[in-house]
Structure formats: C-alpha cells, structure tokens
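Below is the file upload_8.tsv, which contains TSV, C-alpha atoms.
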```tsv
chain	number	residue	atom	x	y	z
A	1	MET	CA	-59.17	145.49	-103.84
A	2	ASP	CA	-61.05	148.12	-101.80
A	3	ASP	CA	-64.47	147.33	-103.22
A	4	CYS	CA	-64.64	143.72	-102.09
A	5	ALA	CA	-67.52	143.53	-99.68
A	6	PRO	CA	-68.67	139.98	-98.91
A	7	THR	CA	-71.09	138.91	-101.63
A	8	PRO	CA	-72.95	135.72	-100.78
A	9	PRO	CA	-73.72	133.65	-103.88
A	10	LEU	CA	-77.30	133.62	-105.11
A	11	ALA	CA	-79.45	130.69	-104.05
A	12	HIS	CA	-80.02	127.85	-106.52
A	13	PRO	CA	-82.29	128.96	-109.41
A	14	GLY	CA	-84.79	126.20	-108.55
A	15	TRP	CA	-85.07	127.43	-104.99
A	16	ARG	CA	-85.51	131.05	-106.11
A	17	ALA	CA	-88.19	129.93	-108.56
A	18	LEU	CA	-89.99	128.13	-105.76
A	19	VAL	CA	-89.89	131.24	-103.55
A	20	TRP	CA	-91.29	133.39	-106.33
A	21	PHE	CA	-93.92	130.77	-107.23
A	22	GLY	CA	-95.13	130.60	-103.63
A	23	ALA	CA	-95.25	134.37	-103.25
A	24	ALA	CA	-97.07	134.88	-106.57
A	25	LEU	CA	-99.54	132.13	-105.69
A	26	CYS	CA	-100.26	133.83	-102.34
A	27	TYR	CA	-100.87	137.14	-104.11
A	28	LEU	CA	-103.21	135.58	-106.67
A	29	GLY	CA	-104.91	133.64	-103.86
A	30	LEU	CA	-105.68	136.98	-102.22
A	31	VAL	CA	-107.08	138.32	-105.49
A	32	VAL	CA	-109.30	135.25	-105.79
A	33	HIS	CA	-110.37	135.62	-102.16
A	34	PHE	CA	-111.67	139.10	-102.90
A	35	VAL	CA	-113.07	138.41	-106.36
A	36	GLY	CA	-114.58	134.99	-105.57
A	37	ARG	CA	-114.22	131.69	-107.38
A	38	ARG	CA	-116.39	130.26	-110.13
A	39	PRO	CA	-119.35	128.32	-108.71
A	40	GLU	CA	-119.10	125.28	-110.99
A	41	LEU	CA	-115.39	124.68	-110.32
A	42	PHE	CA	-115.80	121.22	-108.83
A	43	THR	CA	-117.84	119.91	-111.76
A	44	THR	CA	-115.42	121.42	-114.30
A	45	ILE	CA	-112.38	119.99	-112.60
A	46	ALA	CA	-113.64	116.45	-113.26
A	47	ASP	CA	-112.83	116.93	-116.98
A	48	PRO	CA	-109.33	115.45	-117.54
A	49	ARG	CA	-108.66	117.78	-120.47
A	50	TYR	CA	-109.36	120.81	-118.33
A	51	LEU	CA	-107.26	119.42	-115.48
A	52	ALA	CA	-104.35	118.74	-117.86
A	53	GLU	CA	-104.61	122.27	-119.25
A	54	VAL	CA	-104.56	123.95	-115.84
A	55	ALA	CA	-101.78	121.70	-114.50
A	56	ALA	CA	-99.72	122.45	-117.62
A	57	MET	CA	-100.25	126.18	-117.07
A	58	PHE	CA	-98.99	126.03	-113.48
A	59	LEU	CA	-96.04	123.83	-114.46
A	60	THR	CA	-95.19	126.14	-117.37
A	61	SER	CA	-95.14	129.00	-114.90
A	62	ALA	CA	-92.89	127.21	-112.40
A	63	MET	CA	-90.50	125.95	-115.08
A	64	ALA	CA	-90.36	129.31	-116.86
A	65	ALA	CA	-89.44	130.96	-113.55
A	66	ALA	CA	-86.67	128.41	-113.00
A	67	GLY	CA	-85.55	128.89	-116.62
A	68	ALA	CA	-85.43	132.68	-116.18
A	69	PHE	CA	-83.24	132.35	-113.08
A	70	CYS	CA	-81.00	129.77	-114.77
A	71	ALA	CA	-80.57	132.11	-117.75
A	72	GLY	CA	-79.15	134.71	-115.35
A	73	CYS	CA	-76.43	132.38	-114.08
A	74	PRO	CA	-73.41	132.24	-116.43
A	75	GLY	CA	-72.12	128.79	-117.29
A	76	ARG	CA	-75.38	126.91	-116.80
A	77	ALA	CA	-76.66	124.55	-119.50
A	78	ILE	CA	-78.70	126.09	-122.32
A	79	TRP	CA	-81.35	123.34	-122.15
A	80	GLU	CA	-82.47	124.67	-118.77
A	81	ARG	CA	-83.96	127.65	-120.57
A	82	PHE	CA	-86.22	125.29	-122.50
A	83	ALA	CA	-87.58	123.63	-119.35
A	84	PRO	CA	-91.11	125.09	-119.74
A	85	LEU	CA	-91.39	123.88	-123.34
A	86	PRO	CA	-92.84	120.36	-122.67
A	87	PHE	CA	-95.53	121.83	-120.40
A	88	LEU	CA	-96.25	124.58	-122.90
A	89	LEU	CA	-96.77	121.88	-125.53
A	90	ILE	CA	-99.14	119.95	-123.23
A	91	TRP	CA	-101.02	123.19	-122.65
A	92	ILE	CA	-101.28	123.81	-126.40
A	93	GLY	CA	-102.42	120.22	-126.93
A	94	ALA	CA	-105.13	120.44	-124.26
A	95	LEU	CA	-106.23	123.79	-125.65
A	96	ALA	CA	-106.41	122.43	-129.18
A	97	ILE	CA	-108.60	119.52	-128.02
A	98	GLY	CA	-110.87	121.96	-126.16
A	99	CYS	CA	-111.19	124.24	-129.19
A	100	TRP	CA	-111.88	121.24	-131.44
A	101	ARG	CA	-114.65	120.03	-129.11
A	102	ASP	CA	-116.23	123.48	-128.84
A	103	ARG	CA	-116.00	124.49	-132.47
A	104	HIS	CA	-119.75	123.91	-133.04
A	105	ILE	CA	-120.81	125.73	-129.88
A	106	GLN	CA	-118.90	128.98	-130.11
A	107	GLY	CA	-117.08	129.00	-133.40
A	108	PHE	CA	-113.39	129.64	-133.53
A	109	PRO	CA	-111.70	131.72	-132.32
A	110	PRO	CA	-114.01	132.69	-129.44
A	111	PHE	CA	-113.72	136.47	-129.79
A	112	ALA	CA	-116.13	137.05	-126.90
A	113	ASN	CA	-113.33	136.28	-124.44
A	114	ILE	CA	-110.85	138.77	-125.86
A	115	SER	CA	-111.23	141.00	-122.77
A	116	THR	CA	-109.40	138.34	-120.74
A	117	ILE	CA	-106.15	139.76	-122.16
A	118	GLN	CA	-106.59	142.90	-120.05
A	119	THR	CA	-107.57	140.94	-116.95
A	120	ILE	CA	-104.54	138.69	-117.24
A	121	ALA	CA	-102.26	141.66	-117.86
A	122	ALA	CA	-103.59	143.40	-114.75
A	123	MET	CA	-103.30	140.25	-112.61
A	124	SER	CA	-99.78	139.55	-113.86
A	125	ILE	CA	-98.21	142.93	-113.16
A	126	PRO	CA	-97.26	142.49	-109.46
A	127	SER	CA	-95.89	138.97	-109.93
A	128	ALA	CA	-94.07	140.03	-113.12
A	129	LEU	CA	-92.44	142.93	-111.29
A	130	ALA	CA	-91.44	140.59	-108.47
A	131	ILE	CA	-89.81	138.04	-110.77
A	132	LEU	CA	-88.08	140.73	-112.84
A	133	SER	CA	-86.60	142.34	-109.74
A	134	MET	CA	-85.34	138.90	-108.69
A	135	ALA	CA	-83.98	138.20	-112.19
A	136	ARG	CA	-82.07	141.51	-112.17
A	137	ARG	CA	-79.81	140.10	-109.48
A	138	GLY	CA	-78.53	137.64	-112.05
A	139	ALA	CA	-76.21	138.33	-114.96
A	140	PRO	CA	-77.62	139.77	-118.22
A	141	ILE	CA	-76.20	136.90	-120.25
A	142	ALA	CA	-79.37	136.38	-122.28
A	143	PRO	CA	-81.56	139.38	-121.41
A	144	MET	CA	-84.28	138.75	-123.97
A	145	THR	CA	-84.67	135.12	-122.93
A	146	THR	CA	-84.59	135.97	-119.23
A	147	VAL	CA	-87.26	138.68	-119.50
A	148	GLY	CA	-89.37	136.56	-121.88
A	149	LEU	CA	-89.29	133.57	-119.52
A	150	ALA	CA	-89.96	135.74	-116.47
A	151	THR	CA	-93.02	137.25	-118.15
A	152	LEU	CA	-94.13	133.81	-119.32
A	153	ALA	CA	-93.94	132.63	-115.71
A	154	ALA	CA	-96.00	135.54	-114.39
A	155	THR	CA	-98.62	135.55	-117.13
A	156	SER	CA	-99.12	131.79	-117.29
A	157	MET	CA	-99.69	131.68	-113.55
A	158	SER	CA	-102.23	134.51	-113.76
A	159	SER	CA	-103.81	132.75	-116.68
A	160	ALA	CA	-104.04	129.48	-114.73
A	161	VAL	CA	-105.64	131.18	-111.75
A	162	HIS	CA	-107.97	133.02	-114.12
A	163	ARG	CA	-109.03	129.70	-115.69
A	164	VAL	CA	-109.54	128.02	-112.35
A	165	PHE	CA	-111.37	130.67	-110.43
A	166	ILE	CA	-112.52	133.72	-112.29
A	167	GLU	CA	-113.69	132.87	-115.77
A	168	GLN	CA	-117.36	131.81	-115.83
A	169	SER	CA	-117.04	129.51	-118.78
A	170	MET	CA	-117.37	125.78	-119.21
A	171	ALA	CA	-115.98	125.86	-122.73
A	172	GLY	CA	-112.55	124.45	-123.48
A	173	SER	CA	-111.95	127.19	-126.00
A	174	ALA	CA	-112.23	129.78	-123.21
A	175	GLY	CA	-108.53	129.13	-122.78
A	176	PHE	CA	-107.71	130.44	-126.25
A	177	TRP	CA	-107.42	134.14	-125.37
A	178	PRO	CA	-105.61	133.60	-122.06
A	179	PHE	CA	-103.06	131.58	-124.03
A	180	CYS	CA	-102.76	134.32	-126.65
A	181	ALA	CA	-102.39	136.87	-123.85
A	182	VAL	CA	-99.54	134.87	-122.33
A	183	LEU	CA	-97.69	134.51	-125.63
A	184	LEU	CA	-98.26	138.13	-126.66
A	185	MET	CA	-97.11	139.57	-123.37
A	186	SER	CA	-94.10	137.29	-123.05
A	187	GLY	CA	-92.99	138.04	-126.60
A	188	PHE	CA	-93.53	141.77	-126.19
A	189	ALA	CA	-91.71	141.91	-122.86
A	190	SER	CA	-88.73	139.98	-124.21
A	191	LEU	CA	-88.21	142.75	-126.76
A	192	PHE	CA	-87.37	145.04	-123.85
A	193	GLY	CA	-84.93	142.53	-122.37
A	194	ARG	CA	-81.83	144.49	-123.27
A	195	ARG	CA	-83.19	147.64	-121.69
A	196	LEU	CA	-84.32	145.93	-118.49
A	197	LEU	CA	-81.26	143.78	-117.92
A	198	ARG	CA	-77.98	145.32	-118.93
A	199	TRP	CA	-74.39	145.24	-117.90
A	200	THR	CA	-72.93	147.95	-115.76
A	201	THR	CA	-70.65	150.00	-117.97
A	202	ARG	CA	-67.13	150.96	-116.99
A	203	ASP	CA	-68.15	154.57	-116.33
A	204	GLU	CA	-71.01	153.54	-114.06
A	205	PHE	CA	-68.71	151.11	-112.30
A	206	VAL	CA	-66.01	153.74	-111.75
A	207	ALA	CA	-68.63	156.19	-110.47
A	208	THR	CA	-69.93	153.54	-108.05
A	209	VAL	CA	-66.47	152.77	-106.75
A	210	GLN	CA	-65.54	156.44	-106.40
A	211	ARG	CA	-68.81	157.45	-104.73
A	212	PRO	CA	-68.09	158.27	-101.06
A	213	SER	CA	-69.93	155.86	-98.77
B	214	MET	CA	-49.52	129.68	-114.06
B	215	SER	CA	-52.03	128.72	-116.68
B	216	SER	CA	-51.18	126.50	-119.59
B	217	GLN	CA	-53.40	126.36	-122.64
B	218	HIS	CA	-52.71	122.78	-123.64
B	219	ASP	CA	-51.70	120.98	-120.47
B	220	PRO	CA	-54.84	119.42	-118.94
B	221	PHE	CA	-53.20	119.01	-115.52
B	222	ALA	CA	-52.25	122.68	-115.39
B	223	ALA	CA	-55.75	123.61	-116.50
B	224	LYS	CA	-57.19	121.52	-113.65
B	225	ASP	CA	-54.86	123.24	-111.21
B	226	ASP	CA	-55.91	126.65	-112.50
B	227	GLU	CA	-59.56	125.72	-112.20
B	228	ARG	CA	-59.13	124.54	-108.61
B	229	ARG	CA	-57.14	127.64	-107.71
B	230	TRP	CA	-59.59	130.10	-109.32
B	231	ARG	CA	-62.51	128.38	-107.67
B	232	ALA	CA	-60.88	128.73	-104.26
B	233	LEU	CA	-59.91	132.35	-104.93
B	234	MET	CA	-63.40	133.26	-106.13
B	235	THR	CA	-65.00	131.62	-103.12
B	236	SER	CA	-62.69	133.64	-100.85
B	237	ALA	CA	-63.48	136.79	-102.84
B	238	GLN	CA	-67.19	136.18	-102.30
B	239	ASP	CA	-66.44	136.00	-98.59
B	240	GLY	CA	-64.86	139.46	-98.82
B	241	ASP	CA	-61.17	138.52	-99.10
B	242	GLY	CA	-59.74	141.42	-101.13
B	243	VAL	CA	-56.27	139.88	-101.45
B	244	ALA	CA	-57.68	136.69	-102.97
B	245	TYR	CA	-59.81	138.76	-105.30
B	246	ALA	CA	-56.87	140.86	-106.50
B	247	GLU	CA	-54.86	137.67	-107.01
B	248	LEU	CA	-57.70	136.12	-109.00
B	249	LEU	CA	-58.09	139.16	-111.24
B	250	SER	CA	-54.38	139.36	-111.97
B	251	ASP	CA	-54.40	135.61	-112.73
B	252	LEU	CA	-57.28	136.06	-115.15
B	253	LEU	CA	-55.90	139.08	-116.97
B	254	PRO	CA	-53.58	137.22	-119.40
B	255	VAL	CA	-56.14	134.46	-119.90
B	256	LEU	CA	-58.79	137.00	-120.86
B	257	HIS	CA	-56.38	138.89	-123.09
B	258	ARG	CA	-55.67	135.67	-125.01
B	259	PHE	CA	-59.35	134.83	-125.21
B	260	VAL	CA	-60.34	138.29	-126.49
B	261	ARG	CA	-57.56	138.39	-129.09
B	262	ARG	CA	-58.58	134.97	-130.35
B	263	LYS	CA	-62.27	135.84	-130.57
B	264	SER	CA	-62.13	139.44	-131.68
B	265	ARG	CA	-61.07	140.52	-135.14
B	266	ASN	CA	-60.33	143.98	-133.88
B	267	ALA	CA	-57.22	143.82	-131.72
B	268	GLN	CA	-57.23	147.58	-131.12
B	269	ASP	CA	-59.95	147.56	-128.50
B	270	ALA	CA	-58.90	144.28	-126.86
B	271	ASP	CA	-57.82	146.13	-123.71
B	272	ASP	CA	-61.19	147.83	-123.46
B	273	VAL	CA	-63.03	144.55	-123.88
B	274	VAL	CA	-60.88	142.87	-121.22
B	275	GLN	CA	-61.68	145.73	-118.85
B	276	GLU	CA	-65.38	145.37	-119.63
B	277	ILE	CA	-65.15	141.66	-118.82
B	278	LEU	CA	-63.44	142.34	-115.49
B	279	VAL	CA	-66.04	144.97	-114.56
B	280	SER	CA	-68.82	142.57	-115.55
B	281	LEU	CA	-67.24	139.77	-113.55
B	282	HIS	CA	-67.16	142.08	-110.53
B	283	THR	CA	-70.76	143.24	-110.87
B	284	VAL	CA	-72.20	139.72	-111.22
B	285	ARG	CA	-69.85	137.89	-108.87
B	286	GLN	CA	-72.84	136.87	-106.74
B	287	THR	CA	-73.99	134.61	-109.60
B	288	TYR	CA	-71.01	132.31	-109.19
B	289	ASP	CA	-72.01	129.14	-107.38
B	290	PRO	CA	-68.94	127.71	-105.58
B	291	ARG	CA	-70.25	124.17	-106.16
B	292	ARG	CA	-69.98	124.63	-109.91
B	293	PRO	CA	-66.87	124.96	-112.12
B	294	PHE	CA	-65.41	128.44	-112.44
B	295	THR	CA	-64.06	128.42	-116.00
B	296	PRO	CA	-67.42	127.99	-117.82
B	297	TRP	CA	-68.85	130.76	-115.64
B	298	LEU	CA	-65.99	133.09	-116.57
B	299	MET	CA	-65.96	132.17	-120.25
B	300	THR	CA	-69.71	132.69	-120.63
B	301	ILE	CA	-69.32	136.24	-119.34
B	302	ALA	CA	-66.25	136.82	-121.51
B	303	ALA	CA	-67.92	135.47	-124.66
B	304	ARG	CA	-71.00	137.61	-124.05
B	305	ARG	CA	-68.92	140.76	-123.56
B	306	VAL	CA	-66.88	140.05	-126.70
B	307	ALA	CA	-70.16	139.65	-128.63
B	308	ASP	CA	-71.47	142.91	-127.13
B	309	ALA	CA	-68.31	144.73	-128.20
B	310	ALA	CA	-68.64	143.33	-131.73
B	311	ARG	CA	-72.26	144.44	-131.88
B	312	ARG	CA	-71.29	147.92	-130.67
B	313	ARG	CA	-68.51	148.15	-133.24
B	314	TYR	CA	-70.86	147.06	-135.99
B	315	ALA	CA	-73.48	149.63	-134.94
B	316	ARG	CA	-70.85	152.35	-134.89
B	317	GLY	CA	-69.48	151.26	-138.26
B	318	ALA	CA	-72.95	151.42	-139.78
B	319	ASN	CA	-73.08	155.16	-139.02
B	320	GLU	CA	-69.63	155.92	-140.42
B	321	ILE	CA	-68.48	156.04	-144.05
B	322	ALA	CA	-64.92	155.10	-144.89
B	323	VAL	CA	-63.51	157.40	-147.55
B	324	ASP	CA	-60.20	156.53	-149.18
B	325	VAL	CA	-59.55	159.88	-150.84
B	326	LEU	CA	-61.02	162.96	-149.29
B	327	PRO	CA	-62.66	165.26	-151.84
B	328	GLU	CA	-60.81	168.26	-150.45
B	329	THR	CA	-58.06	168.64	-147.95
B	330	PHE	CA	-58.61	172.15	-146.70
B	331	GLN	CA	-60.38	170.96	-143.55
B	332	GLY	CA	-57.57	168.64	-142.47
B	333	ASP	CA	-55.35	170.06	-139.76
B	334	GLU	CA	-52.21	168.86	-141.57
B	335	THR	CA	-53.01	171.13	-144.53
B	336	LYS	CA	-53.09	174.24	-142.42
B	337	PHE	CA	-50.52	176.31	-140.75
B	338	GLU	CA	-50.35	175.72	-137.05
B	339	GLN	CA	-51.96	179.07	-136.29
B	340	GLU	CA	-54.88	178.42	-138.68
B	341	ALA	CA	-55.57	175.03	-137.15
B	342	SER	CA	-55.53	176.43	-133.66
B	343	ASP	CA	-57.86	179.29	-134.73
B	344	VAL	CA	-60.41	176.81	-136.12
B	345	ALA	CA	-60.20	174.69	-133.00
B	346	GLU	CA	-60.65	177.80	-130.86
B	347	ASP	CA	-63.68	178.93	-132.91
B	348	LEU	CA	-65.24	175.49	-132.60
B	349	ARG	CA	-64.59	175.47	-128.86
B	350	LYS	CA	-66.27	178.85	-128.52
B	351	ALA	CA	-69.24	177.79	-130.65
B	352	LEU	CA	-69.57	174.67	-128.52
B	353	ALA	CA	-69.31	176.62	-125.28
B	354	VAL	CA	-72.31	178.84	-126.06
B	355	LEU	CA	-74.60	175.90	-126.78
B	356	PRO	CA	-77.22	174.96	-124.18
B	357	GLN	CA	-75.99	172.28	-121.78
B	358	SER	CA	-78.20	169.51	-123.24
B	359	GLN	CA	-77.01	170.17	-126.82
B	360	ARG	CA	-73.38	170.44	-125.76
B	361	GLU	CA	-73.63	167.14	-123.95
B	362	ALA	CA	-75.12	165.46	-127.02
B	363	ILE	CA	-72.32	166.78	-129.26
B	364	GLU	CA	-69.63	165.78	-126.78
B	365	LEU	CA	-70.93	162.24	-126.41
B	366	ILE	CA	-71.77	161.49	-130.04
B	367	LYS	CA	-69.45	163.63	-132.14
B	368	ILE	CA	-66.41	164.00	-129.89
B	369	ARG	CA	-66.34	160.80	-127.83
B	370	GLY	CA	-67.78	158.81	-130.72
B	371	LEU	CA	-70.53	156.96	-128.82
B	372	SER	CA	-73.35	155.44	-130.83
B	373	LEU	CA	-76.83	156.91	-130.40
B	374	GLU	CA	-77.83	153.90	-128.28
B	375	GLU	CA	-74.86	154.29	-125.98
B	376	ALA	CA	-75.39	158.03	-125.66
B	377	ALA	CA	-79.06	157.42	-124.88
B	378	GLU	CA	-78.05	154.95	-122.19
B	379	ALA	CA	-75.51	157.37	-120.72
B	380	THR	CA	-77.86	160.36	-120.62
B	381	GLY	CA	-81.15	158.59	-120.01
B	382	LYS	CA	-82.65	160.47	-122.98
B	383	SER	CA	-84.37	158.88	-125.96
B	384	ILE	CA	-82.53	158.35	-129.25
B	385	GLY	CA	-85.00	160.66	-131.01
B	386	SER	CA	-84.38	163.52	-128.60
B	387	LEU	CA	-80.59	163.05	-128.94
B	388	LYS	CA	-80.86	163.22	-132.73
B	389	VAL	CA	-82.83	166.46	-132.45
B	390	ARG	CA	-80.26	167.92	-130.03
B	391	VAL	CA	-77.34	167.04	-132.26
B	392	HIS	CA	-79.12	168.48	-135.27
B	393	ARG	CA	-79.93	171.74	-133.47
B	394	ALA	CA	-76.44	171.97	-132.00
B	395	ILE	CA	-74.77	171.58	-135.41
B	396	LYS	CA	-77.11	174.16	-136.90
B	397	ALA	CA	-76.34	176.62	-134.09
B	398	MET	CA	-72.59	176.01	-134.36
B	399	ARG	CA	-72.68	176.45	-138.13
B	400	GLN	CA	-74.48	179.77	-137.73
B	401	ALA	CA	-71.99	180.88	-135.10
B	402	LEU	CA	-69.04	179.99	-137.35
B	403	GLU	CA	-70.62	181.69	-140.38
B	404	GLN	CA	-71.13	184.87	-138.38
B	405	LYS	CA	-67.54	184.72	-137.26
B	406	SER	CA	-66.20	184.32	-140.80
```
For the structure just supplied, provide its representation as structure tokens.
Amino acid sequence: MDDCAPTPPLAHPGWRALVWFGAALCYLGLVVHFVGRRPELFTTIADPRYLAEVAAMFLTSAMAAAGAFCAGCPGRAIWERFAPLPFLLIWIGALAIGCWRDRHIQGFPPFANISTIQTIAAMSIPSALAILSMARRGAPIAPMTTVGLATLAATSMSSAVHRVFIEQSMAGSAGFWPFCAVLLMSGFASLFGRRLLRWTTRDEFVATVQRPS
Amino acid sequence: MSSQHDPFAAKDDERRWRALMTSAQDGDGVAYAELLSDLLPVLHRFVRRKSRNAQDADDVVQEILVSLHTVRQTYDPRRPFTPWLMTIAARRVADAARRRYARGANEIAVDVLPETFQGDETKFEQEASDVAEDLRKALAVLPQSQREAIELIKIRGLSLEEAAEATGKSIGSLKVRVHRAIKAMRQALEQKS
C-alpha cells in the first residue's frame, strides 16, 4: 500500500471534549472580560435553583461535546450519545421551577428576552466552529447526531456564560429564551449533519491517491 | 483464515486484525495490505447478507474499504477491531440502500415499452450508429456546465444529490441545467432531421 502514512489514533473522546471545553471557556472568558459581568452575580448565585440551572448547562455542554466525539468513533456504545440527557433534564427542571416562580412577575413566556437568541448565536459561533472542525476528524457514522450534539455543546456553554455574566436579570424565567435558542440551533444544525460530515467517495479517494505530492 | 461459526477462530482473527491495524496506523504498508486482503471476503459475505441487491455488492465493499482507509485514525488500538469495522460496514451498506432507493424513486419501471423504434435492437446497425453520432454531436455543442450535468445525471446515472455533491452545485441549478441541455439537444436533433 503506497498511501499508508503513519496515522496516529485520535485521542480519547473524553480528553478531546475536555480540550475543547477548556478552549471554549477561555474564549468566552475573554468575551466576558471585555463585556463585563453582571453586578449582582454573587447575590444571585446564592439561589440553589439558579446554581443548579447553570451547573446543568455547563455539564450539558461538556457531556454533549464528549457525546459528539464518541459518535464519531465507530464501534462505541450508543448510550454515550445520550450522556448530556440527564443534565439537560435537570436544566429543564430548574428552568420550569424558575418560570413557575416568576409567572406572576413577568408572565409566560417572557418575550422581552427573545433577543438573547441572537446574542447566544453570536457567542456560540467560534466555539461551534472549533468543535465541528474537531468532530470532522472522526467518522461520519451518525452525522446528524454528531453535528446536533456539537452545536448543543457550543450553544449551551454560551448560554451558561450568558446566564452567569451578561444577562441583567434576576428572574428564573430569563433562562427560557436561552434554552429555546440552544434547542433551536442544535436542531437546525443537525439537519445539516449529512452535508457537514460525509464520507469520502471513491472518486475523491482515487483523486487524492493519484494527486502528485 | 476466518471462520464464521468457530469462536476460537473468530478470536484469532480479532487478535490478528487488531495487531495488523495497529501496525497500519504506524505506517506499515505490508500489514495494511495484509489486513485489507483478510477483510475482503469477510466484507463480501457481510454485504451479501445485508444487501438485497447483490449486483452492487462489489461497489459497496469498495466503498467500505475506502471509508475504512479515510477514518483509520478513529480506531483505538485498546478497543476491539471487529465492532469498529462492522459499524463502518453497516453504515455504508445503509448508505448504499438509501442511494439505491433515491435513484429508484426517480426511475419508472416499464414492462412493455409503448413503442420500440427508439431501441437500438430495432434498428439497423447503421441507423443506431447515426443516432448515437447525432446525440454525441448535440452533446458536444452544449456549454460545459450543461454537458457535465447531462453526463453525470443522464449518462452515469447519478442521483441529483450525488451530482450536486460531485459538482458542488445546488440541486436546483443542476435541474435547470439538465432541462436546458435537453431542450437544446432536442432542438439540435429536430434541426438535423
């Protein structure tokens, strides 16, 4: 075989997820550094519901990243792709409690915060591109799942950072639109999974092998 | 080599393939060639068992081998080889079935043709070669983009999705090109006759 250059195996999906998580956190940290954090953060953080919501968002992000990388490794267990689900459920639960508490204050749903969708989309783009470029090194076994999970990872992290630092709102229901943004974007991106992650066809492969180096 | 029902032979195969794949990842071309030739009959059996259409089994096996090559970095030597291989194979078999279904949806099977004058077997050799020559000429005068669309979709039989992937053009623009090309060719042939 002429085309048999050494190809080191990819690192463990968990390790790759950790690398991406750290890098994305650094990027969002920089954004926060320039934008500034919310002034009442330390009083808000004392609320266990709020703390559970934000922790669940970060954990959803980390687990979705790991799930996306696992989905790109053939032969791995299917359940690994569902790793973010428990944290997503905790997030939904915390959000539901927040909305229930705030229903008399703001009404439901809190349409005033709908603009957060754009903010989260803008904040997510660099980290989403980073995770997708990492996921492309894997195999397109389940492209829709991989892209959906990768986008879920990027958007839920942006959403978490948005909730912690940028949004000037004490209300629990302020998390409603960030959550919708995450679900909308992840679902929409997964529709493009097959276009973003696809197998090399025979013709492309032959052209690659025949191309003079 | 491999035995389908003997668990000891299967274990031996697994161990051997794992070692060969690990060597291939280190750049050992001989081990890689040995691995691929070992896998060829196994994949042929797998594809024939899974696929209803035995005609394109060779193509699907080739697709699997190309896929295996392009994603060989995803194999983790600490994990078993066979599930890794079979996941790729099953996915490629499913892709081939999906492609076949999409192609079949755009084709109509006709048992009895309404007329036979267009079939080559109903013509004298000279007539058939004249028609082919006219078509070739009509195709040759088409703009490059339209000719490419006709060649991919009507001659090579690719689906619109596959042709769009191959050319990087949208499905809509390919449809327009094919439509315009057929119209131009029809006009050219009418003028000729």
Go through B:Gly381, B:Trp230, B:Ala315, B:Val255 one by one, measure the shortest atom-to-atom distance of each to chain A using only C-alpha atoms, and give the residue with the smallest value.
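Between B:Gly381, B:Trp230, B:Ala315, B:Val255, the residue approaching chain A most closely is B:Gly381.
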Do you know which residues lie at most 6 Å from (-91.3, 130.6, -115.0), with coordinates as in the file and only C-alpha atoms counted, and could you write them as a list in words?
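All residues meeting the 6 Å criterion around (-91.3, 130.6, -115.0) are Ser61, Ala62, Met63, Ala64, Ala65, Ala66, Leu149, Ala150 and Ala153 of chain A.
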Generate a file of the selected residues that holds C-alpha atoms, formatted as a compact mmCIF listing (two decimals), in the frame of the given file.
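Output file selection.txt follows:
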```txt
# COMPACT_ATOMS: atom_id res chain seq x y z
CA SER A 61 -95.14 129.00 -114.90
CA ALA A 62 -92.89 127.21 -112.40
CA MET A 63 -90.50 125.95 -115.08
CA ALA A 64 -90.36 129.31 -116.86
CA ALA A 65 -89.44 130.96 -113.55
CA ALA A 66 -86.67 128.41 -113.00
CA LEU A 149 -89.29 133.57 -119.52
CA ALA A 150 -89.96 135.74 -116.47
CA ALA A 153 -93.94 132.63 -115.71
```
Counting only C-alpha atoms, which residues of chain B come no farther than 6 Å from chain A, as number ranges by chain?
B: 238-240, 242, 246, 284, 286-287, 289, 296-297, 300
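Non-sequential neighbours of Ala130 in chain A (distance at most 12 Å, separation of 2 or more positions within a chain, only C-alpha atoms) are Arg16, Ala17, Val19, Trp20, Phe21, Gly22, Ala23, Ala24, Tyr27, Ala65, Ser124, Ile125, Pro126, Ser127, Ala128, Leu132, Ser133, Met134, Ala135, Arg136, Arg137, Val147, Ala150, Thr151, Ala153 and Ala154 of chain A.
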Those same residues, written as a tab-separated table (two decimals), in the coordinates of the input with C-alpha atoms?
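File written: part-v5.tsv
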```tsv
chain	number	residue	atom	x	y	z
A	16	ARG	CA	-85.51	131.05	-106.11
A	17	ALA	CA	-88.19	129.93	-108.56
A	19	VAL	CA	-89.89	131.24	-103.55
A	20	TRP	CA	-91.29	133.39	-106.33
A	21	PHE	CA	-93.92	130.77	-107.23
A	22	GLY	CA	-95.13	130.60	-103.63
A	23	ALA	CA	-95.25	134.37	-103.25
A	24	ALA	CA	-97.07	134.88	-106.57
A	27	TYR	CA	-100.87	137.14	-104.11
A	65	ALA	CA	-89.44	130.96	-113.55
A	124	SER	CA	-99.78	139.55	-113.86
A	125	ILE	CA	-98.21	142.93	-113.16
A	126	PRO	CA	-97.26	142.49	-109.46
A	127	SER	CA	-95.89	138.97	-109.93
A	128	ALA	CA	-94.07	140.03	-113.12
A	132	LEU	CA	-88.08	140.73	-112.84
A	133	SER	CA	-86.60	142.34	-109.74
A	134	MET	CA	-85.34	138.90	-108.69
A	135	ALA	CA	-83.98	138.20	-112.19
A	136	ARG	CA	-82.07	141.51	-112.17
A	137	ARG	CA	-79.81	140.10	-109.48
A	147	VAL	CA	-87.26	138.68	-119.50
A	150	ALA	CA	-89.96	135.74	-116.47
A	151	THR	CA	-93.02	137.25	-118.15
A	153	ALA	CA	-93.94	132.63	-115.71
A	154	ALA	CA	-96.00	135.54	-114.39
```
Quick one: residues within 9 Å of Leu248 in chain B, only C-alpha atoms, excluding same-chain residues fewer than 5 positions away - as a list in words?
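The residues that qualify are Arg229, Trp230, Leu233, Met234, Ala237, Val243 and Leu253 of chain B.
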Can you write out the residues you just picked, keeping C-alpha atoms, as a PDB file, in the frame of the given file?
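Output file out20.pdb follows:
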```
ATOM      1  CA  ARG B 229     -57.140 127.640-107.710  1.00  0.00           C
ATOM      2  CA  TRP B 230     -59.590 130.100-109.320  1.00  0.00           C
ATOM      3  CA  LEU B 233     -59.910 132.350-104.930  1.00  0.00           C
ATOM      4  CA  MET B 234     -63.400 133.260-106.130  1.00  0.00           C
ATOM      5  CA  ALA B 237     -63.480 136.790-102.840  1.00  0.00           C
ATOM      6  CA  VAL B 243     -56.270 139.880-101.450  1.00  0.00           C
ATOM      7  CA  LEU B 253     -55.900 139.080-116.970  1.00  0.00           C
TER       8      LEU B 253
END
```
Could you check how far CA of Tyr288 in chain B sits from CA of Leu129 in chain A, in Å to one decimal?
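Rounded to one decimal, the two atoms are 24.0 Å apart.
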